[in-house]
Amino acid sequence: MTPHAIFTAFSTIVVREIRRFTRIWAQTLLPPAVTMTLYFIIFGNLIGSRIGQMGGFDYMSFIVPGLIMMSVITSSYANVVSSFFSMKFQRSIEELLVSPVPNWVILAGYVTGGMARGLGIGLIVTLLSLAFTQLSIHNLPMMVLTVFLTSALFALGGFINAMLATKFDDISIVPTFVLTPLTYLGGVFYSIDLLPGFWQGVSMANPILYMVNGFRYGILGVSDVNPFVSLGMILLFISILAFIALRMLARGKGIRH
Amino acid sequence: MTNALEIEGLTKTYGDGFQALKGIDLHVAEGDFFALLGPNGAGKSTTLGIVCSLVNKTEGKVRVFGYDTDTHLSDAKLNLGVVPQEFNFNQFEKVVDIVTTQAGYYGIPLKQAYASAEKYLKKLGLWDKRDTPARMLSGGMKRRLMIARALVHEPKLLILDEPTAGVDIELRRSMWAFLEEMNRQGTTIILTTHYLEEAEALCRNIAIIDHGKILKNTSKKALLQQLSVETFVLDTEEPLDVAPELTSFPARLDGEGALEVEVEKGLGLNQVFVQLEQLGIKVVSMRTKANRLEELFIRMVEENAADSGQSVEGVA
């Protein structure tokens, strides 16, 4: 395929993905907006006013970056895992497999589609947060880079999950038992300074902690970890997951007999 | 002339150890209308699945218009259109989106894709349904949608796996006419079908596959010439209790009281009627028991099953 044809194939996948999640907006865009608004009201306003300051900021300002990141992570992951698995389930994945689209374009297309939903949700949650607090941006490039790369990383994770899944249960196990606990324990609601030394060490093994703190640094200028270490960690994970996903596609894991 | 499809020494062993293909060779000339026939589980869909990259081969070579699928897969795929046996599109998408999206996968820009989708959806009588979600279509419309989708990038080789399964006779005939027109315009067509009448009506060359081996690969004409005996079913005016004994024509009664007579090629039917007349049996109507290809096909598959000590569970 010529570079122009490859770009057409890539944009076809991305447009198809965007069309899918906007067609079912009540399942994809509305729920995180409602959930995050409840978080802002309950944790930010009602409970947060009694907590006082965290990391030098009022509690609402502290949790907003974490909640935005949480929405981006779960939506990026959910979009790819549910879309790709549905294609496997309906066998419409065969439309792609018989076509000359290279594997890396298939992966890039799905990841970009996942990022479109993840970042779109991130934007919606950010706009909603403005109703509760004022946002100032400390380091725009760091903020943008962190949120884009994190979204790409979890879209890749969703892709691998969908490749391995053989039934619908398999696509909810990782989000429920891995992503949600890691996100809640990843410094969304607290600074790890509050934890005893041992648990601080354990928290440092949680990759989501780096992403939440990298993003928080971009907005507030405070972080439990070095933001450049965060970026390095995200890039490392992206490289590993992209390699695994491409290997699986080349072997046809779960999609070719 | 380049062959549209060349398969050499193709084998496929699935993970559970089942050997679906045992080294098949197949050549389909450019412009041909070719049928691949075989009983259920013979290896037809596995063969086509490997050609279309939906199944990983174990060994062997596949070339599409000279492009080796091991080294020039992208070029091979650009020349190939596939209509699978089962519906494999997103049921929630609109008809026109399904077709234009497929064109996009082949690198065709949207404007051009839309024009091509319009051309084939109109030809297949689906243009009025372009904005309908695919799940709302009838079974026949869904089959035609898959044909439009397979043609949107104008492939030189069209592969159809049971394209008219579950389609009513009228629609089947119109799909035959459409495929014949495509073939006349230069598209090479390979099909598997459950209806041997379909293969006999459409195809010029035929391969019969069973238990992962090609039993026969020849022209339809040569294949039909092998058929030395044809069976006719005669309805008599008076019901018969026993089959009459006819010289040179083995006869028997079928389950519904009609008379089945085997006639060897070259003997002619006149002698049958003369003998029946002499016995006072009056014939009111007559038909062939099965179409000629079906008769030959069943015989070949039964012989192969007998050779390999297996039973025949289904045909085509």
# chains A, B, ... in the order shown; residues from 1 in each chain; ligands from 1

$ interface_residues --of "chain B" --to "chain A" --cutoff "7 Å" --atoms "only C-alpha atoms" --output "list of chain:residue names"
B:Cys52, B:Ser53, B:Leu54, B:Val55, B:Asn56, B:Ser74, B:Lys77, B:Leu78, B:Asn88, B:Phe89, B:Asn90, B:Thr101, B:Gln102, B:Gly104, B:Tyr105, B:Tyr106, B:Gly107, B:Ile108, B:Pro109

$ residues_around --residues "Phe62 of chain A" --least-positions-apart "2" --cutoff "10 Å" --atoms "only C-alpha atoms" --output "number ranges by chain"
A: 44, 48, 53-60, 64-67, 188-191, 216, 219-220, 222

$ residues_around --residues "Val202 of chain A" --least-positions-apart "6" --cutoff "12 Å" --atoms "only C-alpha atoms" --output "PyMOL selection string"
chain A and resi 182+185-186+192+195-196+209

$ select_by_dssp --residues "segment 102-175 of chain B" --states "strand (DSSP E or B)" --output "list in words"
Pro133, Leu157, Leu158, Ile159, Leu160 and Asp161 of chain B

$ atom_distance --atom1 "atom CA of Phe85 of chain A" --atom2 "atom CA of Val174 of chain A"
13.8 Å

$ closest_residue --among "B:Ser285, B:Thr46, B:Thr164, B:Ser248" --to "Arg143 of chain B" --atoms "only C-alpha atoms"
B:Thr164

$ select_by_dssp --residues "segment 31-231 of chain B" --states "alpha helix (DSSP H)" --output "NGL selection string"
:B and (44-51 or 73-78 or 95-105 or 110-123 or 139-151 or 169-184 or 196-202 or 220-225)
